[in-house]
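Chemist: This structure is in structure tokens; I'll ask about it shortly.
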Amino acid sequence: MATADDVKARLAQVSAPDGRPVTEAGVLSDILVSDGKVYLSLTVDAAEARAWEPVRSAVERTVRGTPGVTSALVALTAERKAGLPPVASHTPAASRAPGGHSHAGHTHAQPPADPQKEAPGLPGVGAIIAVASGKGGVGKSTLAANLALGLAASGLKVGLLDADIYGPSVPRLMGLKGRPEVNGRMITPMQAFGLKVMSIGFLVEEETPMIWRGPMVMSAISQMLKEVNWAPLDILVVDMPPGTGDAQLTMAQQVPLAGAVIVSTPQDLALIDARRGVAMFQKVNVPVLGVVENMSYFMCPHCGTRSDVFGHGGARHEAQRLGVPFLGEVPLQMSIRETSDAGLPVVATRPDSPEAGIYRGIAQAVRDALAGRRSTARAAPRIVMEG
């Protein structure tokens, strides 16, 4: 099996734009090797990024050719040096965008690019939906897994992509272990309960920390979208990492999302972050299919008493206030926790239970929202700057 030193020795054969070996150019990150998979990045000045792209390609080819390496992910990180203006500022105003024009005293700017209109789809995949949350710990991955299973139970062909690079939960939730097969550059997804499943958790050990910068995260998500044999699928459900950062923007830029499902608990702190999630997707023109209130209430299995541990109804009220659909309430139930920890998701293994029925109801609400998604899309604003 290849080691980081083996890879670095091979990379000494690759030249930087100035002719030095890339290993002496001060741009290499730490080299992470896990079971034949190699991950690294090149960090360069943004002004030199174009010159470094052929080097990145050469580095990736060289790493792939190292004995014992089965696949490689090489990201190019372009950073602007402190105190310098962005590279784009050197471009004459009249040539910044086709059709743009400038006159003395005022400038007419073009509408901002809509990444959803420009993003190419995945061949053979009908629709891609994101399951997201503004913060962690709200049960988003459990919801994503059971939502995917609920959609599959209605007769659809469904895939589940775990895009949470730092905290992949889907392998445990779906009871999957082992490595996916790689044929050339394409990965064959794992299978569980009738779903096609892919996660970075299949490529690294469960306890291995993913100490990656944003560009490597974005490259990994891009690979799991475009270098996995997903087709044929009716719907691909993407379990997003929590927050409103690089991963969410990458997803919006890489593929046309049919919509997003926001998961929140009823408590005020979680709802603040849920608002951010809704606003972020709306700003990149991704329809919000609706909000789910997870851990909505607790029903004591012994006495039958209901307790609103985190409050109740907050997500429903927030959805109404924001003008987005409310998809349903999921209780805080022992059976959901037990089946999730055991890799036996409740929709697949206890299909007749009330909990499974709740998830299937949410899946049907998502299908209904998808059917009407065209009316929820928002047009990009046109900006006119007057001087």
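Ordered as shown in the structure tokens, chains take letters A, B, and onward, while each chain numbers its residues from 1 and ligands are numbered from 1 in the order shown.
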Might you pull out every residue within 8 Å of stretch 313-316 of chain A, with only C-alpha atoms counted and same-chain residues fewer than 5 positions away left off, and present them as a list in words?

Modeler: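 Returned residues: Ser264, Thr265, Pro266, Gln267, Asp268, Leu271, Val291, Val292, Glu293, Ser296 and Phe326 of chain A.
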
Chemist: If you count only C-alpha atoms, which residues fall within 12 Å of stretch 247-254 of chain A, apart from same-chain ones fewer than 4 positions away, as an NGL selection string?

Modeler: :A and (113-122 or 128-134 or 161-166 or 213-226 or 238-243 or 258-260 or 277-278 or 280-287)

Chemist: Tell me, as JSON, numbers by chain, which residues lie within 8 Å of A:Val63, counting only C-alpha atoms; anything in the same chain fewer than 5 positions away does not count.

Modeler: {"A": [7, 10, 11, 38, 69, 72]}

Chemist: Run DSSP on the backbone of this structure and report the residues of stretch 146-285 of chain A it assigns to helix (DSSP H, G or I), as number ranges by chain.

Modeler: A: 146-153, 170-173, 200-202, 214-226, 246-254, 268-283

Chemist: Just to be explicit: take each residue in the selection above, keep C-alpha atoms, and write the result as a PDB file, in the first residue's frame.

Modeler:
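Output saved as selection31.pdb:
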ATOM      1  CA  ASN A 146     -35.817   7.875   6.066  1.00  0.00           C
ATOM      2  CA  LEU A 147     -37.056  10.455   3.544  1.00  0.00           C
ATOM      3  CA  ALA A 148     -35.117   8.642   0.811  1.00  0.00           C
ATOM      4  CA  LEU A 149     -36.621   5.341   1.926  1.00  0.00           C
ATOM      5  CA  GLY A 150     -40.099   6.897   2.031  1.00  0.00           C
ATOM      6  CA  LEU A 151     -39.691   8.117  -1.547  1.00  0.00           C
ATOM      7  CA  ALA A 152     -38.492   4.666  -2.598  1.00  0.00           C
ATOM      8  CA  ALA A 153     -41.499   3.075  -0.888  1.00  0.00           C
ATOM      9  CA  VAL A 170     -25.063   7.639   6.385  1.00  0.00           C
ATOM     10  CA  PRO A 171     -22.841   4.502   6.469  1.00  0.00           C
ATOM     11  CA  ARG A 172     -23.878   3.866  10.084  1.00  0.00           C
ATOM     12  CA  LEU A 173     -27.521   4.806   9.475  1.00  0.00           C
ATOM     13  CA  ILE A 200     -16.961   9.810   2.057  1.00  0.00           C
ATOM     14  CA  GLY A 201     -17.355   7.524   5.063  1.00  0.00           C
ATOM     15  CA  PHE A 202     -16.855   4.543   2.734  1.00  0.00           C
ATOM     16  CA  GLY A 214     -12.947  24.272   1.861  1.00  0.00           C
ATOM     17  CA  PRO A 215     -11.621  23.598  -1.680  1.00  0.00           C
ATOM     18  CA  MET A 216     -10.935  19.942  -0.887  1.00  0.00           C
ATOM     19  CA  VAL A 217     -14.431  19.568   0.557  1.00  0.00           C
ATOM     20  CA  MET A 218     -15.900  21.103  -2.593  1.00  0.00           C
ATOM     21  CA  SER A 219     -13.818  18.828  -4.834  1.00  0.00           C
ATOM     22  CA  ALA A 220     -14.897  15.751  -2.879  1.00  0.00           C
ATOM     23  CA  ILE A 221     -18.572  16.687  -3.184  1.00  0.00           C
ATOM     24  CA  SER A 222     -18.121  17.319  -6.909  1.00  0.00           C
ATOM     25  CA  GLN A 223     -16.541  13.896  -7.374  1.00  0.00           C
ATOM     26  CA  MET A 224     -19.289  12.126  -5.457  1.00  0.00           C
ATOM     27  CA  LEU A 225     -21.837  13.842  -7.657  1.00  0.00           C
ATOM     28  CA  LYS A 226     -20.218  13.423 -11.054  1.00  0.00           C
ATOM     29  CA  ASP A 246     -18.927  26.049   0.894  1.00  0.00           C
ATOM     30  CA  ALA A 247     -20.755  22.734   0.577  1.00  0.00           C
ATOM     31  CA  GLN A 248     -24.154  24.312   0.022  1.00  0.00           C
ATOM     32  CA  LEU A 249     -22.801  26.804  -2.518  1.00  0.00           C
ATOM     33  CA  THR A 250     -20.884  24.033  -4.317  1.00  0.00           C
ATOM     34  CA  MET A 251     -24.042  21.967  -4.610  1.00  0.00           C
ATOM     35  CA  ALA A 252     -25.943  24.923  -6.067  1.00  0.00           C
ATOM     36  CA  GLN A 253     -23.148  25.562  -8.586  1.00  0.00           C
ATOM     37  CA  GLN A 254     -22.508  21.957  -9.588  1.00  0.00           C
ATOM     38  CA  ASP A 268     -35.775  29.190  19.191  1.00  0.00           C
ATOM     39  CA  LEU A 269     -31.999  28.689  18.819  1.00  0.00           C
ATOM     40  CA  ALA A 270     -32.479  26.089  16.097  1.00  0.00           C
ATOM     41  CA  LEU A 271     -35.098  28.205  14.323  1.00  0.00           C
ATOM     42  CA  ILE A 272     -32.672  31.132  14.036  1.00  0.00           C
ATOM     43  CA  ASP A 273     -30.322  28.886  12.062  1.00  0.00           C
ATOM     44  CA  ALA A 274     -33.194  27.408  10.052  1.00  0.00           C
ATOM     45  CA  ARG A 275     -34.045  30.935   8.859  1.00  0.00           C
ATOM     46  CA  ARG A 276     -30.482  31.303   7.594  1.00  0.00           C
ATOM     47  CA  GLY A 277     -30.798  28.019   5.726  1.00  0.00           C
ATOM     48  CA  VAL A 278     -34.016  29.099   4.018  1.00  0.00           C
ATOM     49  CA  ALA A 279     -32.530  32.484   3.092  1.00  0.00           C
ATOM     50  CA  MET A 280     -29.336  30.938   1.714  1.00  0.00           C
ATOM     51  CA  PHE A 281     -31.157  28.590  -0.664  1.00  0.00           C
ATOM     52  CA  GLN A 282     -33.483  31.345  -1.803  1.00  0.00           C
ATOM     53  CA  LYS A 283     -30.504  33.592  -2.616  1.00  0.00           C
TER      54      LYS A 283
END

Chemist: Among stretch 252-310 of chain A, which residues carry a DSSP assignment of strand (DSSP E or B), reported as a PyMOL selection string?

Modeler: chain A and resi 259-264+288-299+306-307+309

Chemist: Got a sec: who's within 8 Å of A:Gln333, counting only C-alpha atoms, leaving out chain neighbours fewer than 6 positions off, as a ChimeraX atom specification?

Modeler: /A:295,298-299

Chemist: Residues within 7 Å of A:Asp30, please, as an MDAnalysis selection string. Count only C-alpha atoms; anything in the same chain fewer than 2 positions from it doesn't count.

Modeler: chainID A and resid 28 32 40

Chemist: Any idea what's packed within 10 Å of A:Leu327, counting only C-alpha atoms, ignoring anything in its chain fewer than 5 positions away? Could you give it as a PyMOL selection string?

Modeler: chain A and resi 261-263+289-293+315-316+319+359+361-366+369

Chemist: Go ahead and write the residues just picked, C-alpha atoms, as an mmCIF file, in the first residue's frame.

Modeler:
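Okay, this is what ended up in part23.cif:
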data_model
loop_
_atom_site.group_PDB
_atom_site.id
_atom_site.type_symbol
_atom_site.label_atom_id
_atom_site.label_comp_id
_atom_site.auth_asym_id
_atom_site.auth_seq_id
_atom_site.Cartn_x
_atom_site.Cartn_y
_atom_site.Cartn_z
ATOM 1 C CA VAL A 261 -35.790 20.488 2.695
ATOM 2 C CA ILE A 262 -34.854 22.361 5.890
ATOM 3 C CA VAL A 263 -34.745 20.399 9.166
ATOM 4 C CA LEU A 289 -39.685 22.541 -0.634
ATOM 5 C CA GLY A 290 -40.515 22.948 3.010
ATOM 6 C CA VAL A 291 -39.526 22.718 6.668
ATOM 7 C CA VAL A 292 -39.626 19.632 8.910
ATOM 8 C CA GLU A 293 -39.895 19.928 12.690
ATOM 9 C CA ALA A 315 -40.947 25.186 12.902
ATOM 10 C CA ARG A 316 -44.555 25.233 11.650
ATOM 11 C CA ALA A 319 -42.528 28.113 7.858
ATOM 12 C CA TYR A 359 -41.707 9.713 7.307
ATOM 13 C CA GLY A 361 -46.141 11.325 4.874
ATOM 14 C CA ILE A 362 -43.212 13.751 4.678
ATOM 15 C CA ALA A 363 -41.971 11.968 1.548
ATOM 16 C CA GLN A 364 -45.386 12.427 -0.068
ATOM 17 C CA ALA A 365 -45.374 16.113 0.907
ATOM 18 C CA VAL A 366 -41.968 16.463 -0.739
ATOM 19 C CA ALA A 369 -43.855 20.201 -3.384
#

Chemist: Using only C-alpha atoms, find the one residue out of A:Lys37, A:Leu322, A:Val14, A:Pro331 that sits nearest to A:Ser307.

Modeler: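 Checking each of A:Lys37, A:Leu322, A:Val14, A:Pro331 against A:Ser307, counting only C-alpha atoms, the winner is A:Pro331.
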
Chemist: Provide the atom CA of A:Ile235 to atom CA of A:Leu160 distance in Å, to one decimal place.

Modeler: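 Computing the Euclidean distance for atom CA of A:Ile235 and atom CA of A:Leu160 yields 8.8 Å.
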
Chemist: Between A:Pro17, A:Val330, A:Asn294, A:Gly159, which is the closest to A:Val228 once you count only C-alpha atoms?

Modeler: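 Counting only C-alpha atoms, the residue closest to A:Val228 is A:Gly159.
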
Chemist: Report the distance between atom CA of A:Ser15 and atom CA of A:Glu53 in Å, rounded to one decimal place.

Modeler: 12.2 Å
